[in-house]
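Colleague: The structure follows.
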Amino acid sequence: MASCKFKNILEKLAMSIGVFFIYILMWLIFLTCKKSYTPNFLPQNGCVVVFWHGRLSFMSFAYRRWWSSQNRKQGKVIISDHKDGELITRIIKFFGIGTIRGSSSKGGARALIEALREIKQGHDVIITPDGPRGPRHSVADGAAVIAQKSSCEIYALNFEANSFWEFKSWDKMILPKPFSNIKFSLSAPFSVANLEQKEAKEKIQNELWQASQNDGGKSVLQNKEDFRSNLKIWWKKYAHKNPQISDEIREILDEIYEK
């Protein structure tokens, strides 16, 4: 019993040290970089903001730009209940960012109810539609459902860097290198109010790909091709676990393997 408690204390201590180290490293890199931002603003009422999981590394700085510096009501990020979600939650807490815990695979209903409550109170809900575990650049139901049920608009958030490290993770997360040029962007608002679920998710996906193209990243066509090739790799890796996938993803996989 005593050894278990000691182990738990060590794990918590290691987590705290790791979180602080990552926070300091993020700031050290950020301060050396040249930054630019699109002039768009978020509305006074609550809205849904989406960005790809692979852009998570520096999105806390986007939060400082479009939330903290404009004295807006709080935006809350939907974060999974998994262990990596706890790490992310602790890091972004340093930036004053709140969280809603839950995902499509765990705690989804609770997260949906809390997200709708936050928007009703005038807060923004921030979502990575392909998180927490992919497939990369897929769009789960959450963002579209929350926007439709709350009758609010959606904004696409993105950043691109001219020099970066790319992690060998499912989301191919990037971390800008010191002294790089970073372009942060917030799209014009768009709505999925009158769309079917499949069309709504395609709209979100294309808006995020368009943001990448506008910011000097990959084009919409390149992102679409990458999505299909990465989906095939993802399926080979996780098919044996029988993961829950949407009908849209199933259709794309069927199309890929028919060729």
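Each chain in the structure tokens gets a letter, A, B and so on, in the order shown; residues start at 1 in every chain, and ligands are counted from 1 in the order they appear.
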DSSP says strand (DSSP E or B) for which residues of region 4-244 of chain A? Put them as a compact mmCIF listing (two decimals) with all heavy atoms, in the first residue's frame?
Modeller:
```txt
# COMPACT_ATOMS: atom_id res chain seq x y z
N LYS A 34 8.51 35.11 -35.46
CA LYS A 34 7.80 36.26 -36.02
C LYS A 34 6.36 35.82 -36.27
O LYS A 34 6.11 34.83 -36.94
CB LYS A 34 8.45 36.69 -37.34
CG LYS A 34 7.79 37.91 -37.98
CD LYS A 34 8.51 38.33 -39.25
CE LYS A 34 7.85 39.56 -39.88
NZ LYS A 34 8.54 39.97 -41.13
N LYS A 35 5.40 36.56 -35.70
CA LYS A 35 4.00 36.16 -35.76
C LYS A 35 3.15 37.15 -36.56
O LYS A 35 3.43 38.35 -36.56
CB LYS A 35 3.39 36.06 -34.35
CG LYS A 35 3.84 34.86 -33.55
CD LYS A 35 5.17 35.05 -32.85
CE LYS A 35 5.13 36.12 -31.79
NZ LYS A 35 6.44 36.20 -31.06
N SER A 36 2.14 36.61 -37.23
CA SER A 36 1.14 37.46 -37.89
C SER A 36 -0.23 36.84 -37.63
O SER A 36 -0.35 35.62 -37.42
CB SER A 36 1.40 37.57 -39.39
OG SER A 36 1.28 36.31 -40.03
N TYR A 37 -1.27 37.70 -37.63
CA TYR A 37 -2.62 37.25 -37.30
C TYR A 37 -3.61 37.85 -38.29
O TYR A 37 -3.47 39.01 -38.69
CB TYR A 37 -3.01 37.69 -35.89
CG TYR A 37 -2.07 37.25 -34.79
CD1 TYR A 37 -0.93 38.01 -34.48
CD2 TYR A 37 -2.30 36.09 -34.06
CE1 TYR A 37 -0.06 37.62 -33.47
CE2 TYR A 37 -1.44 35.69 -33.05
CZ TYR A 37 -0.32 36.45 -32.76
OH TYR A 37 0.54 36.06 -31.76
N VAL A 48 -18.87 28.12 -31.82
CA VAL A 48 -18.03 26.93 -31.87
C VAL A 48 -16.78 27.27 -32.68
O VAL A 48 -16.86 27.85 -33.75
CB VAL A 48 -18.77 25.74 -32.53
CG1 VAL A 48 -17.82 24.57 -32.77
CG2 VAL A 48 -19.94 25.29 -31.66
N VAL A 49 -15.62 26.92 -32.14
CA VAL A 49 -14.34 27.14 -32.83
C VAL A 49 -13.68 25.77 -33.02
O VAL A 49 -13.61 24.97 -32.09
CB VAL A 49 -13.42 28.07 -32.02
CG1 VAL A 49 -12.09 28.24 -32.73
CG2 VAL A 49 -14.09 29.42 -31.79
N VAL A 50 -13.20 25.50 -34.24
CA VAL A 50 -12.58 24.20 -34.53
C VAL A 50 -11.15 24.37 -35.04
O VAL A 50 -10.83 25.35 -35.70
CB VAL A 50 -13.40 23.42 -35.59
CG1 VAL A 50 -14.76 23.02 -35.03
CG2 VAL A 50 -13.58 24.22 -36.88
N GLY A 75 -13.42 30.89 -23.37
CA GLY A 75 -13.63 29.79 -24.31
C GLY A 75 -13.18 28.51 -23.62
O GLY A 75 -12.17 28.53 -22.89
N LYS A 76 -13.88 27.44 -23.81
CA LYS A 76 -13.51 26.17 -23.18
C LYS A 76 -13.25 25.11 -24.24
O LYS A 76 -14.00 24.98 -25.20
CB LYS A 76 -14.61 25.70 -22.21
CG LYS A 76 -14.70 26.55 -20.96
CD LYS A 76 -15.54 25.89 -19.89
CE LYS A 76 -15.51 26.68 -18.60
NZ LYS A 76 -16.28 26.00 -17.52
N VAL A 77 -12.17 24.37 -24.04
CA VAL A 77 -11.75 23.35 -25.00
C VAL A 77 -12.26 21.98 -24.55
O VAL A 77 -12.12 21.62 -23.38
CB VAL A 77 -10.21 23.29 -25.11
CG1 VAL A 77 -9.80 22.32 -26.22
CG2 VAL A 77 -9.64 24.67 -25.37
N ILE A 78 -12.86 21.24 -25.48
CA ILE A 78 -13.28 19.87 -25.16
C ILE A 78 -12.04 18.98 -25.24
O ILE A 78 -11.39 18.86 -26.28
CB ILE A 78 -14.36 19.37 -26.14
CG1 ILE A 78 -15.64 20.21 -25.97
CG2 ILE A 78 -14.66 17.89 -25.89
CD1 ILE A 78 -16.80 19.77 -26.83
N ILE A 79 -11.70 18.38 -24.10
CA ILE A 79 -10.51 17.54 -23.97
C ILE A 79 -10.92 16.15 -23.50
O ILE A 79 -11.79 16.02 -22.63
CB ILE A 79 -9.52 18.15 -22.95
CG1 ILE A 79 -9.07 19.55 -23.40
CG2 ILE A 79 -8.31 17.24 -22.74
CD1 ILE A 79 -8.15 19.57 -24.58
N GLY A 98 -10.05 27.16 -19.95
CA GLY A 98 -10.87 26.16 -19.28
C GLY A 98 -11.11 24.95 -20.17
O GLY A 98 -10.86 25.00 -21.38
N THR A 99 -11.59 23.89 -19.59
CA THR A 99 -11.82 22.66 -20.35
C THR A 99 -13.19 22.05 -20.06
O THR A 99 -13.79 22.29 -19.01
CB THR A 99 -10.75 21.59 -20.05
OG1 THR A 99 -10.75 21.31 -18.64
CG2 THR A 99 -9.38 22.06 -20.47
N ILE A 100 -13.64 21.28 -21.03
CA ILE A 100 -14.81 20.40 -20.88
C ILE A 100 -14.28 19.01 -21.12
O ILE A 100 -13.76 18.72 -22.20
CB ILE A 100 -15.91 20.74 -21.90
CG1 ILE A 100 -16.42 22.18 -21.68
CG2 ILE A 100 -17.06 19.74 -21.81
CD1 ILE A 100 -17.34 22.67 -22.78
N ARG A 101 -14.36 18.12 -20.15
CA ARG A 101 -13.76 16.81 -20.28
C ARG A 101 -14.75 15.82 -20.91
O ARG A 101 -15.90 15.72 -20.51
CB ARG A 101 -13.29 16.27 -18.93
CG ARG A 101 -12.26 17.14 -18.24
CD ARG A 101 -11.02 17.41 -19.09
NE ARG A 101 -10.28 16.21 -19.41
CZ ARG A 101 -9.32 15.68 -18.66
NH1 ARG A 101 -9.00 16.26 -17.50
NH2 ARG A 101 -8.67 14.60 -19.05
N ASP A 124 -17.57 30.36 -25.51
CA ASP A 124 -17.24 29.65 -26.75
C ASP A 124 -16.79 28.23 -26.44
O ASP A 124 -16.16 27.98 -25.40
CB ASP A 124 -16.12 30.39 -27.50
CG ASP A 124 -16.51 31.82 -27.85
OD1 ASP A 124 -17.70 32.06 -28.09
OD2 ASP A 124 -15.61 32.68 -27.86
N VAL A 125 -17.07 27.32 -27.34
CA VAL A 125 -16.65 25.93 -27.20
C VAL A 125 -15.65 25.63 -28.31
O VAL A 125 -15.94 25.84 -29.49
CB VAL A 125 -17.85 24.96 -27.27
CG1 VAL A 125 -17.37 23.51 -27.30
CG2 VAL A 125 -18.77 25.17 -26.08
N ILE A 126 -14.47 25.17 -27.93
CA ILE A 126 -13.37 24.93 -28.86
C ILE A 126 -13.15 23.44 -29.01
O ILE A 126 -13.02 22.72 -28.01
CB ILE A 126 -12.08 25.63 -28.36
CG1 ILE A 126 -12.37 27.10 -28.04
CG2 ILE A 126 -10.97 25.51 -29.40
CD1 ILE A 126 -11.28 27.79 -27.23
N ILE A 127 -13.11 22.96 -30.26
CA ILE A 127 -13.10 21.52 -30.51
C ILE A 127 -12.04 21.14 -31.53
O ILE A 127 -11.84 21.84 -32.53
CB ILE A 127 -14.48 21.07 -31.05
CG1 ILE A 127 -15.61 21.46 -30.10
CG2 ILE A 127 -14.51 19.56 -31.30
CD1 ILE A 127 -17.00 21.23 -30.67
N ILE A 154 -19.80 28.73 -36.68
CA ILE A 154 -18.53 28.04 -36.46
C ILE A 154 -17.41 28.88 -37.05
O ILE A 154 -17.58 29.53 -38.10
CB ILE A 154 -18.53 26.64 -37.13
CG1 ILE A 154 -19.71 25.80 -36.61
CG2 ILE A 154 -17.22 25.92 -36.85
CD1 ILE A 154 -19.83 24.45 -37.30
N TYR A 155 -16.25 28.87 -36.39
CA TYR A 155 -15.05 29.54 -36.87
C TYR A 155 -13.92 28.52 -36.95
O TYR A 155 -13.77 27.69 -36.05
CB TYR A 155 -14.64 30.67 -35.93
CG TYR A 155 -15.58 31.85 -35.91
CD1 TYR A 155 -16.80 31.77 -35.25
CD2 TYR A 155 -15.26 33.05 -36.54
CE1 TYR A 155 -17.68 32.83 -35.21
CE2 TYR A 155 -16.13 34.13 -36.51
CZ TYR A 155 -17.34 34.01 -35.85
OH TYR A 155 -18.22 35.07 -35.83
N ALA A 156 -13.14 28.58 -38.02
CA ALA A 156 -11.99 27.69 -38.17
C ALA A 156 -10.73 28.42 -37.71
O ALA A 156 -10.46 29.54 -38.13
CB ALA A 156 -11.83 27.26 -39.62
N LEU A 157 -9.98 27.78 -36.82
CA LEU A 157 -8.75 28.35 -36.27
C LEU A 157 -7.58 27.53 -36.80
O LEU A 157 -7.65 26.30 -36.87
CB LEU A 157 -8.82 28.27 -34.75
CG LEU A 157 -7.82 29.05 -33.90
CD1 LEU A 157 -7.92 30.55 -34.17
CD2 LEU A 157 -8.06 28.76 -32.42
N ASN A 158 -6.49 28.20 -37.17
CA ASN A 158 -5.37 27.47 -37.75
C ASN A 158 -4.07 28.25 -37.55
O ASN A 158 -4.08 29.46 -37.28
CB ASN A 158 -5.59 27.26 -39.25
CG ASN A 158 -4.54 26.35 -39.88
OD1 ASN A 158 -4.40 25.20 -39.47
ND2 ASN A 158 -3.80 26.84 -40.84
N PHE A 159 -2.95 27.56 -37.67
CA PHE A 159 -1.67 28.23 -37.80
C PHE A 159 -0.76 27.40 -38.69
O PHE A 159 -0.88 26.18 -38.76
CB PHE A 159 -1.00 28.51 -36.44
CG PHE A 159 -0.30 27.33 -35.81
CD1 PHE A 159 0.99 26.97 -36.19
CD2 PHE A 159 -0.92 26.59 -34.82
CE1 PHE A 159 1.64 25.89 -35.60
CE2 PHE A 159 -0.28 25.51 -34.22
CZ PHE A 159 1.01 25.16 -34.62
N GLU A 160 0.13 28.07 -39.38
CA GLU A 160 1.15 27.42 -40.21
C GLU A 160 2.49 28.09 -39.91
O GLU A 160 2.54 29.30 -39.64
CB GLU A 160 0.83 27.55 -41.70
CG GLU A 160 -0.49 26.92 -42.13
CD GLU A 160 -0.53 25.41 -42.01
OE1 GLU A 160 0.57 24.78 -41.98
OE2 GLU A 160 -1.63 24.85 -41.94
N ALA A 161 3.55 27.30 -39.94
CA ALA A 161 4.90 27.82 -39.71
C ALA A 161 5.78 27.45 -40.89
O ALA A 161 5.62 26.38 -41.49
CB ALA A 161 5.47 27.25 -38.42
N PHE A 164 9.34 23.83 -39.00
CA PHE A 164 8.75 23.15 -37.85
C PHE A 164 9.24 21.70 -37.76
O PHE A 164 9.78 21.14 -38.70
CB PHE A 164 7.22 23.15 -37.95
CG PHE A 164 6.69 22.54 -39.23
CD1 PHE A 164 6.49 21.17 -39.35
CD2 PHE A 164 6.41 23.35 -40.33
CE1 PHE A 164 6.02 20.61 -40.53
CE2 PHE A 164 5.94 22.80 -41.52
CZ PHE A 164 5.73 21.43 -41.62
N TRP A 165 9.05 21.13 -36.57
CA TRP A 165 9.24 19.70 -36.37
C TRP A 165 7.88 19.03 -36.51
O TRP A 165 6.87 19.57 -36.04
CB TRP A 165 9.79 19.40 -34.98
CG TRP A 165 11.19 19.86 -34.74
CD1 TRP A 165 12.33 19.34 -35.26
CD2 TRP A 165 11.60 20.95 -33.90
NE1 TRP A 165 13.43 20.02 -34.79
CE2 TRP A 165 13.01 21.02 -33.96
CE3 TRP A 165 10.91 21.87 -33.10
CZ2 TRP A 165 13.73 21.97 -33.25
CZ3 TRP A 165 11.62 22.82 -32.39
CH2 TRP A 165 13.02 22.86 -32.48
N GLU A 166 7.83 17.86 -37.14
CA GLU A 166 6.59 17.10 -37.26
C GLU A 166 6.73 15.80 -36.48
O GLU A 166 7.63 15.01 -36.74
CB GLU A 166 6.26 16.80 -38.72
CG GLU A 166 4.93 16.09 -38.91
CD GLU A 166 4.57 15.87 -40.37
OE1 GLU A 166 4.08 16.83 -41.00
OE2 GLU A 166 4.82 14.76 -40.88
N ILE A 174 2.60 19.37 -35.39
CA ILE A 174 3.79 20.16 -35.70
C ILE A 174 4.12 21.09 -34.53
O ILE A 174 3.23 21.57 -33.81
CB ILE A 174 3.64 20.98 -37.00
CG1 ILE A 174 2.58 22.08 -36.84
CG2 ILE A 174 3.31 20.07 -38.17
CD1 ILE A 174 2.58 23.09 -37.98
N LEU A 175 5.40 21.34 -34.35
CA LEU A 175 5.90 22.29 -33.36
C LEU A 175 6.83 23.26 -34.09
O LEU A 175 7.86 22.84 -34.64
CB LEU A 175 6.66 21.57 -32.25
CG LEU A 175 7.32 22.47 -31.19
CD1 LEU A 175 6.25 23.23 -30.41
CD2 LEU A 175 8.19 21.64 -30.25
N PRO A 176 6.47 24.54 -34.17
CA PRO A 176 7.33 25.50 -34.86
C PRO A 176 8.74 25.52 -34.27
O PRO A 176 8.93 25.38 -33.07
CB PRO A 176 6.61 26.83 -34.62
CG PRO A 176 5.18 26.46 -34.43
CD PRO A 176 5.23 25.16 -33.68
N ASN A 181 8.63 31.77 -38.95
CA ASN A 181 7.51 32.68 -39.17
C ASN A 181 6.21 31.90 -38.99
O ASN A 181 6.03 30.85 -39.61
CB ASN A 181 7.56 33.26 -40.58
CG ASN A 181 8.77 34.15 -40.79
OD1 ASN A 181 9.22 34.83 -39.87
ND2 ASN A 181 9.31 34.14 -41.99
N ILE A 182 5.33 32.40 -38.15
CA ILE A 182 4.07 31.71 -37.87
C ILE A 182 2.90 32.60 -38.26
O ILE A 182 2.86 33.78 -37.89
CB ILE A 182 3.94 31.35 -36.37
CG1 ILE A 182 5.17 30.60 -35.88
CG2 ILE A 182 2.68 30.52 -36.14
CD1 ILE A 182 5.17 30.33 -34.38
N LYS A 183 1.97 32.03 -39.00
CA LYS A 183 0.76 32.77 -39.36
C LYS A 183 -0.43 32.13 -38.67
O LYS A 183 -0.76 30.97 -38.92
CB LYS A 183 0.55 32.77 -40.88
CG LYS A 183 -0.69 33.57 -41.30
CD LYS A 183 -0.84 33.66 -42.80
CE LYS A 183 -2.06 34.51 -43.17
NZ LYS A 183 -2.23 34.63 -44.65
N PHE A 184 -1.06 32.88 -37.77
CA PHE A 184 -2.26 32.43 -37.09
C PHE A 184 -3.47 32.99 -37.83
O PHE A 184 -3.47 34.16 -38.24
CB PHE A 184 -2.30 32.94 -35.65
CG PHE A 184 -1.29 32.30 -34.73
CD1 PHE A 184 -0.04 32.88 -34.55
CD2 PHE A 184 -1.59 31.14 -34.04
CE1 PHE A 184 0.89 32.31 -33.70
CE2 PHE A 184 -0.66 30.55 -33.18
CZ PHE A 184 0.58 31.14 -33.00
N SER A 185 -4.50 32.18 -37.98
CA SER A 185 -5.69 32.67 -38.69
C SER A 185 -6.98 32.24 -38.01
O SER A 185 -7.07 31.16 -37.42
CB SER A 185 -5.70 32.19 -40.14
OG SER A 185 -5.96 30.80 -40.21
N LEU A 186 -7.95 33.12 -38.10
CA LEU A 186 -9.31 32.84 -37.67
C LEU A 186 -10.21 33.12 -38.87
O LEU A 186 -10.16 34.21 -39.44
CB LEU A 186 -9.71 33.73 -36.49
CG LEU A 186 -11.14 33.55 -35.97
CD1 LEU A 186 -11.28 32.23 -35.22
CD2 LEU A 186 -11.52 34.72 -35.05
N PHE A 190 -19.04 30.58 -40.43
CA PHE A 190 -19.85 29.81 -41.37
C PHE A 190 -20.87 28.99 -40.58
O PHE A 190 -20.71 28.75 -39.37
CB PHE A 190 -18.99 28.91 -42.26
CG PHE A 190 -18.19 27.86 -41.54
CD1 PHE A 190 -18.69 26.57 -41.39
CD2 PHE A 190 -16.93 28.14 -41.02
CE1 PHE A 190 -17.94 25.59 -40.74
CE2 PHE A 190 -16.18 27.17 -40.38
CZ PHE A 190 -16.68 25.88 -40.24
```
Colleague: Hey, could you make a per-residue contact list for region 78-144 of chain A against region 197-216 of chain A with 10 Å as the cut-off, showing the nearest pair of atoms and its distance in Å to one decimal, counting only C-alpha atoms, sorted by chain and number, as CSV?
Modeller:
```
residue,atom,partner,partner_atom,distance
A:Pro129,CA,A:Gln205,CA,8.7
A:Asp130,CA,A:Gln205,CA,9.6
A:His137,CA,A:Gln205,CA,7.1
A:Ser138,CA,A:Gln205,CA,7.3
A:Val139,CA,A:Lys201,CA,5.8
A:Ala140,CA,A:Lys201,CA,7.4
A:Asp141,CA,A:Lys201,CA,7.2
A:Gly142,CA,A:Lys201,CA,9.4
A:Ala143,CA,A:Lys201,CA,8.2
A:Ala144,CA,A:Ala200,CA,6.1
```
Colleague: As a ChimeraX atom specification, please: all residues of region 40-155 of chain A that backbone DSSP puts in helix (DSSP H, G or I).
Modeller: /A:53-66,68-70,83-93,108-120,142-150
Colleague: Any idea what the distance is between CA of Ile9 (chain A) and CA of Leu87 (chain A)?
Modeller: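 Computed distance, CA of Ile9 (chain A) to CA of Leu87 (chain A), equals 15.9 Å.
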Colleague: Restricting the calculation to only C-alpha atoms, which member of A:Met26, A:Ala115, A:Leu31, A:Leu42 is positioned closest to Met59 (chain A)?
Modeller: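 Smallest distance to Met59 (chain A) is found for A:Met26.
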Colleague: With distances taken over only C-alpha atoms, which of A:Trp234, A:Trp66, A:Phe167, A:Phe58 is nearest to Leu25 (chain A)?
Modeller: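 Of A:Trp234, A:Trp66, A:Phe167, A:Phe58, the one nearest Leu25 (chain A) is A:Phe58, counting only C-alpha atoms.
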Colleague: Please compute the CA of Lys7 (chain A)-CA of Ile91 (chain A) distance, one decimal, in Å.
Modeller: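 Taking CA of Lys7 (chain A) and CA of Ile91 (chain A), their separation equals 22.2 Å.
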